[in-house]
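To keep things clear, I will list the structure first and then write my remarks on it.
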Amino acid sequence: MNALQKFETALAQLPLVAILRGLQPHEARDVGEALSSAGMRLIEVPLNSPEPFKSIDILAQAFPQALIGAGTVLTVDEVRQVQAAGGQLIVSPNFKAEVVHEAVRLGMVCLPGVMTPSEIFAALEAGAHGLKLFPAEMISPVVVKALRAVVPAAVPLLPVGGISTANMRAYREAGASGVGMGSALYKPGMTAAQVQEQAQRFTEAWRLAGA
C-alpha cells in the first residue's frame, strides 16, 4: 500500500495517532511492537526527539504495514529528511504551504496543524490530506462541532493536545475523525509493556465511543 492507502485504512479501522515525543532509537522497535499489538497503525516521532530520523528508519522497516513519519515538521528540508529515513507521514504544529506542497510532491501524507477556518481551508487548498486541530485544549468538542458544520465530511479532523480516554467520546461525537495522543500514551522512560497497556486503553475507549 502507498502512504495514502495506509492512512485511509487506518482511518477506517483505528484512527489514533501515536505521538512518541522523546523516543530513542534503541526502544523504537519494542514500542512500535507495543502499539502494533493494540492495533495502532499511525505513528509519528516528533523531530525534537533524540535521533528522530534513526527511530523513523527503524520503525518504517519493522512495521511496513503502518504509516510511520514525523511530527513537529517545520521546513521543506525536514520533509525530505523524513522521506529519506523511510517516513511517509508529515505532521506539523502549524500550516506552512511549502511544507504541504513538498510532502504531497513526495507522495507522503500531510497533516498540518490548524485552528481557524481560514487556516483549515488554506491547508486544504494546499493539498493537506487531513487536519491536526491543535492545540485541542483550545479547541473543545463544541468548537469541533462548529468546524465540522463547514468542513467537508470527507476531510479528516484530528484533535491533538490534552486528549485522554475521558474526553475521546466527546470529540468523536462532535465530529472528530480520530485523535492524536502524546504524553498520555507515551512518555520517555516508559517500558514497552506500559505503552502497550496505555495503547489498549485508548483503543478500547475509542471503540466504545463509537458504539
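A note on labels: chains of the C-alpha cells are A, B, ... as shown, every chain counts residues from 1, and ligands are counted from 1 in their shown order.
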DSSP-assigned strand (DSSP E or B) members of range 90-149 of chain A, reported as a ChimeraX atom specification: /A:90-91,109-111,113-114,131-133
Neighbour list for range 184-200 of chain A as an NGL selection string, cut-off 10 Å, only C-alpha atoms, skip fewer than 6 positions in-chain: :A and (16 or 18-24 or 27-40 or 49 or 161-165 or 206)
Write out, as a compact mmCIF listing (two decimals), in the first residue's frame, the residues just selected, with C-alpha atoms.
```txt
# COMPACT_ATOMS: atom_id res chain seq x y z
CA LEU A 16 -5.45 7.03 16.53
CA ALA A 18 0.61 7.70 18.45
CA ILE A 19 2.92 10.64 19.18
CA LEU A 20 6.24 9.36 20.50
CA ARG A 21 7.96 12.53 21.67
CA GLY A 22 11.29 11.69 23.26
CA LEU A 23 11.53 8.19 21.77
CA GLN A 24 15.08 6.88 21.49
CA GLU A 27 13.50 1.43 22.13
CA ALA A 28 11.76 2.15 18.82
CA ARG A 29 11.17 -1.45 17.80
CA ASP A 30 9.76 -2.54 21.18
CA VAL A 31 7.49 0.50 21.47
CA GLY A 32 6.37 0.01 17.88
CA GLU A 33 5.51 -3.60 18.65
CA ALA A 34 3.50 -2.49 21.69
CA LEU A 35 1.49 -0.08 19.56
CA SER A 36 1.04 -2.58 16.75
CA SER A 37 -0.29 -5.20 19.15
CA ALA A 38 -3.00 -2.73 20.17
CA GLY A 39 -3.93 -2.15 16.52
CA MET A 40 -2.34 1.27 16.09
CA SER A 49 13.21 13.70 19.90
CA GLY A 161 -3.26 18.08 22.71
CA GLY A 162 -4.71 17.01 26.03
CA ILE A 163 -6.56 14.04 24.55
CA SER A 164 -7.39 11.36 27.12
CA THR A 165 -9.61 8.33 27.40
CA TRP A 206 -12.21 4.92 21.00
```
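Residues in contact range of range 55-66 of chain A, defined as at most 7 Å between only C-alpha atoms, with sequence neighbours fewer than 2 positions away removed, read A:Lys6, A:Gln24, A:Pro25, A:Ala28, A:Arg29, A:Gly32, A:Arg41, A:Leu42, A:Val45, A:Glu51, A:Pro52, A:Phe53, A:Ile68, A:Gly69, A:Ala85, A:Gly86, A:Gly87.
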Near-Val150 in chain A list (10 Å; only C-alpha atoms; drop same-chain fewer than 4 positions) as number ranges by chain: A: 117, 121, 145-146
Just the selected residues (N, CA and C atoms), exported as a PDB file, in the first residue's frame, please.
```pdb
ATOM      1  N   PRO A 117     -10.944  28.534  10.793  1.00  0.00           N
ATOM      2  CA  PRO A 117     -11.479  28.195   9.473  1.00  0.00           C
ATOM      3  C   PRO A 117     -10.579  28.679   8.340  1.00  0.00           C
ATOM      4  N   PHE A 121      -9.082  25.994   5.521  1.00  0.00           N
ATOM      5  CA  PHE A 121      -9.341  25.990   4.078  1.00  0.00           C
ATOM      6  C   PHE A 121      -8.082  26.309   3.273  1.00  0.00           C
ATOM      7  N   LYS A 145     -17.455  20.662  16.685  1.00  0.00           N
ATOM      8  CA  LYS A 145     -18.785  20.508  16.084  1.00  0.00           C
ATOM      9  C   LYS A 145     -19.090  21.680  15.156  1.00  0.00           C
ATOM     10  N   ALA A 146     -18.722  22.889  15.575  1.00  0.00           N
ATOM     11  CA  ALA A 146     -18.955  24.068  14.745  1.00  0.00           C
ATOM     12  C   ALA A 146     -18.115  24.012  13.471  1.00  0.00           C
TER      13      ALA A 146
END
```
Ala149 in chain A surroundings by only C-alpha atoms, 10 Å radius, close-in-sequence under 6 positions cut, as a compact mmCIF listing (two decimals) with C-alpha atoms, in the first residue's frame:
```txt
# COMPACT_ATOMS: atom_id res chain seq x y z
CA VAL A 143 -15.70 24.07 18.55
CA ALA A 174 -18.59 16.23 17.89
CA GLY A 175 -17.27 15.02 14.55
```
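Distance check against His101 in chain A using only C-alpha atoms: of A:Asn48, A:Ser118, A:Thr75, A:Ser177, the minimum falls on A:Thr75.
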Contacts of Asp77 in chain A within 12 Å, only C-alpha atoms, excl. fewer than 3 positions in-chain, as a ChimeraX atom specification: /A:73-74,80-84,98-100,102-103
Spatial neighbours of Leu4 in chain A, max dist 12 Å, only C-alpha atoms, sep filter under 4 positions, as number ranges by chain: A: 8-11, 42, 66-68, 88-90, 103-104, 106-111, 128-130
Written selection (N, CA, C and O atoms) as a PDB file, in the first residue's frame:
```pdb
ATOM      1  N   GLU A   8      -5.836   5.926   4.821  1.00  0.00           N
ATOM      2  CA  GLU A   8      -7.279   5.686   4.696  1.00  0.00           C
ATOM      3  C   GLU A   8      -7.689   4.400   5.404  1.00  0.00           C
ATOM      4  O   GLU A   8      -8.762   4.339   6.025  1.00  0.00           O
ATOM      5  N   THR A   9      -6.845   3.381   5.337  1.00  0.00           N
ATOM      6  CA  THR A   9      -7.138   2.126   6.034  1.00  0.00           C
ATOM      7  C   THR A   9      -7.155   2.342   7.543  1.00  0.00           C
ATOM      8  O   THR A   9      -8.050   1.853   8.245  1.00  0.00           O
ATOM      9  N   ALA A  10      -6.173   3.078   8.042  1.00  0.00           N
ATOM     10  CA  ALA A  10      -6.111   3.344   9.480  1.00  0.00           C
ATOM     11  C   ALA A  10      -7.303   4.183   9.935  1.00  0.00           C
ATOM     12  O   ALA A  10      -7.871   3.938  11.009  1.00  0.00           O
ATOM     13  N   LEU A  11      -7.699   5.158   9.128  1.00  0.00           N
ATOM     14  CA  LEU A  11      -8.863   5.977   9.482  1.00  0.00           C
ATOM     15  C   LEU A  11     -10.111   5.113   9.614  1.00  0.00           C
ATOM     16  O   LEU A  11     -10.945   5.345  10.490  1.00  0.00           O
ATOM     17  N   LEU A  42      -0.791   4.356  12.992  1.00  0.00           N
ATOM     18  CA  LEU A  42      -0.368   5.723  12.688  1.00  0.00           C
ATOM     19  C   LEU A  42       0.605   6.164  13.773  1.00  0.00           C
ATOM     20  O   LEU A  42       0.219   6.335  14.931  1.00  0.00           O
ATOM     21  N   ALA A  66       2.348  -0.146   8.735  1.00  0.00           N
ATOM     22  CA  ALA A  66       1.942   1.067   9.443  1.00  0.00           C
ATOM     23  C   ALA A  66       2.381   2.309   8.669  1.00  0.00           C
ATOM     24  O   ALA A  66       3.268   2.256   7.820  1.00  0.00           O
ATOM     25  N   LEU A  67       1.738   3.429   8.976  1.00  0.00           N
ATOM     26  CA  LEU A  67       2.116   4.714   8.396  1.00  0.00           C
ATOM     27  C   LEU A  67       3.000   5.418   9.423  1.00  0.00           C
ATOM     28  O   LEU A  67       2.526   5.900  10.447  1.00  0.00           O
ATOM     29  N   ILE A  68       4.289   5.435   9.136  1.00  0.00           N
ATOM     30  CA  ILE A  68       5.288   5.970  10.060  1.00  0.00           C
ATOM     31  C   ILE A  68       5.799   7.303   9.538  1.00  0.00           C
ATOM     32  O   ILE A  68       6.019   7.473   8.335  1.00  0.00           O
ATOM     33  N   GLN A  88       6.616   8.234   5.854  1.00  0.00           N
ATOM     34  CA  GLN A  88       5.578   8.544   4.861  1.00  0.00           C
ATOM     35  C   GLN A  88       4.523   9.504   5.408  1.00  0.00           C
ATOM     36  O   GLN A  88       3.546   9.796   4.729  1.00  0.00           O
ATOM     37  N   LEU A  89       4.726   9.988   6.622  1.00  0.00           N
ATOM     38  CA  LEU A  89       3.739  10.845   7.282  1.00  0.00           C
ATOM     39  C   LEU A  89       4.419  12.119   7.783  1.00  0.00           C
ATOM     40  O   LEU A  89       5.450  12.053   8.444  1.00  0.00           O
ATOM     41  N   ILE A  90       3.832  13.267   7.452  1.00  0.00           N
ATOM     42  CA  ILE A  90       4.335  14.563   7.893  1.00  0.00           C
ATOM     43  C   ILE A  90       3.257  15.252   8.724  1.00  0.00           C
ATOM     44  O   ILE A  90       2.155  15.510   8.239  1.00  0.00           O
ATOM     45  N   ALA A 103       5.507  17.633   0.807  1.00  0.00           N
ATOM     46  CA  ALA A 103       5.052  16.321   1.256  1.00  0.00           C
ATOM     47  C   ALA A 103       4.178  15.657   0.195  1.00  0.00           C
ATOM     48  O   ALA A 103       4.341  14.469  -0.119  1.00  0.00           O
ATOM     49  N   VAL A 104       3.277  16.425  -0.372  1.00  0.00           N
ATOM     50  CA  VAL A 104       2.391  15.893  -1.410  1.00  0.00           C
ATOM     51  C   VAL A 104       3.214  15.497  -2.640  1.00  0.00           C
ATOM     52  O   VAL A 104       2.994  14.432  -3.239  1.00  0.00           O
ATOM     53  N   LEU A 106       6.156  14.432  -2.773  1.00  0.00           N
ATOM     54  CA  LEU A 106       6.933  13.222  -2.484  1.00  0.00           C
ATOM     55  C   LEU A 106       6.049  12.002  -2.190  1.00  0.00           C
ATOM     56  O   LEU A 106       6.554  10.938  -1.853  1.00  0.00           O
ATOM     57  N   GLY A 107       4.744  12.181  -2.301  1.00  0.00           N
ATOM     58  CA  GLY A 107       3.836  11.058  -2.088  1.00  0.00           C
ATOM     59  C   GLY A 107       3.606  10.708  -0.635  1.00  0.00           C
ATOM     60  O   GLY A 107       3.250   9.571  -0.307  1.00  0.00           O
ATOM     61  N   MET A 108       3.788  11.696   0.228  1.00  0.00           N
ATOM     62  CA  MET A 108       3.606  11.475   1.665  1.00  0.00           C
ATOM     63  C   MET A 108       2.257  12.016   2.109  1.00  0.00           C
ATOM     64  O   MET A 108       1.659  12.868   1.455  1.00  0.00           O
ATOM     65  N   VAL A 109       1.765  11.518   3.248  1.00  0.00           N
ATOM     66  CA  VAL A 109       0.536  12.040   3.836  1.00  0.00           C
ATOM     67  C   VAL A 109       0.902  13.227   4.712  1.00  0.00           C
ATOM     68  O   VAL A 109       1.853  13.159   5.504  1.00  0.00           O
ATOM     69  N   CYS A 110       0.176  14.314   4.585  1.00  0.00           N
ATOM     70  CA  CYS A 110       0.497  15.538   5.320  1.00  0.00           C
ATOM     71  C   CYS A 110      -0.687  16.003   6.163  1.00  0.00           C
ATOM     72  O   CYS A 110      -1.795  16.173   5.652  1.00  0.00           O
ATOM     73  N   LEU A 111      -0.416  16.227   7.451  1.00  0.00           N
ATOM     74  CA  LEU A 111      -1.430  16.682   8.402  1.00  0.00           C
ATOM     75  C   LEU A 111      -0.920  17.944   9.096  1.00  0.00           C
ATOM     76  O   LEU A 111      -0.294  17.876  10.159  1.00  0.00           O
ATOM     77  N   ALA A 128      -3.428  19.399   1.788  1.00  0.00           N
ATOM     78  CA  ALA A 128      -3.376  18.587   3.003  1.00  0.00           C
ATOM     79  C   ALA A 128      -4.358  17.426   2.923  1.00  0.00           C
ATOM     80  O   ALA A 128      -5.471  17.569   2.416  1.00  0.00           O
ATOM     81  N   HIS A 129      -3.924  16.275   3.432  1.00  0.00           N
ATOM     82  CA  HIS A 129      -4.773  15.076   3.406  1.00  0.00           C
ATOM     83  C   HIS A 129      -5.721  15.013   4.606  1.00  0.00           C
ATOM     84  O   HIS A 129      -6.710  14.279   4.588  1.00  0.00           O
ATOM     85  N   GLY A 130      -5.391  15.732   5.643  1.00  0.00           N
ATOM     86  CA  GLY A 130      -6.192  15.788   6.853  1.00  0.00           C
ATOM     87  C   GLY A 130      -5.680  16.944   7.677  1.00  0.00           C
ATOM     88  O   GLY A 130      -4.689  17.596   7.320  1.00  0.00           O
TER      89      GLY A 130
END
```
Sel. of helix (DSSP H, G or I) residues, range 15-87 of chain A, as number ranges by chain: A: 25-37, 52-62, 76-84
Distance in Å - CA of Met138 in chain A versus CA of Ala211 in chain A: 26.6 Å
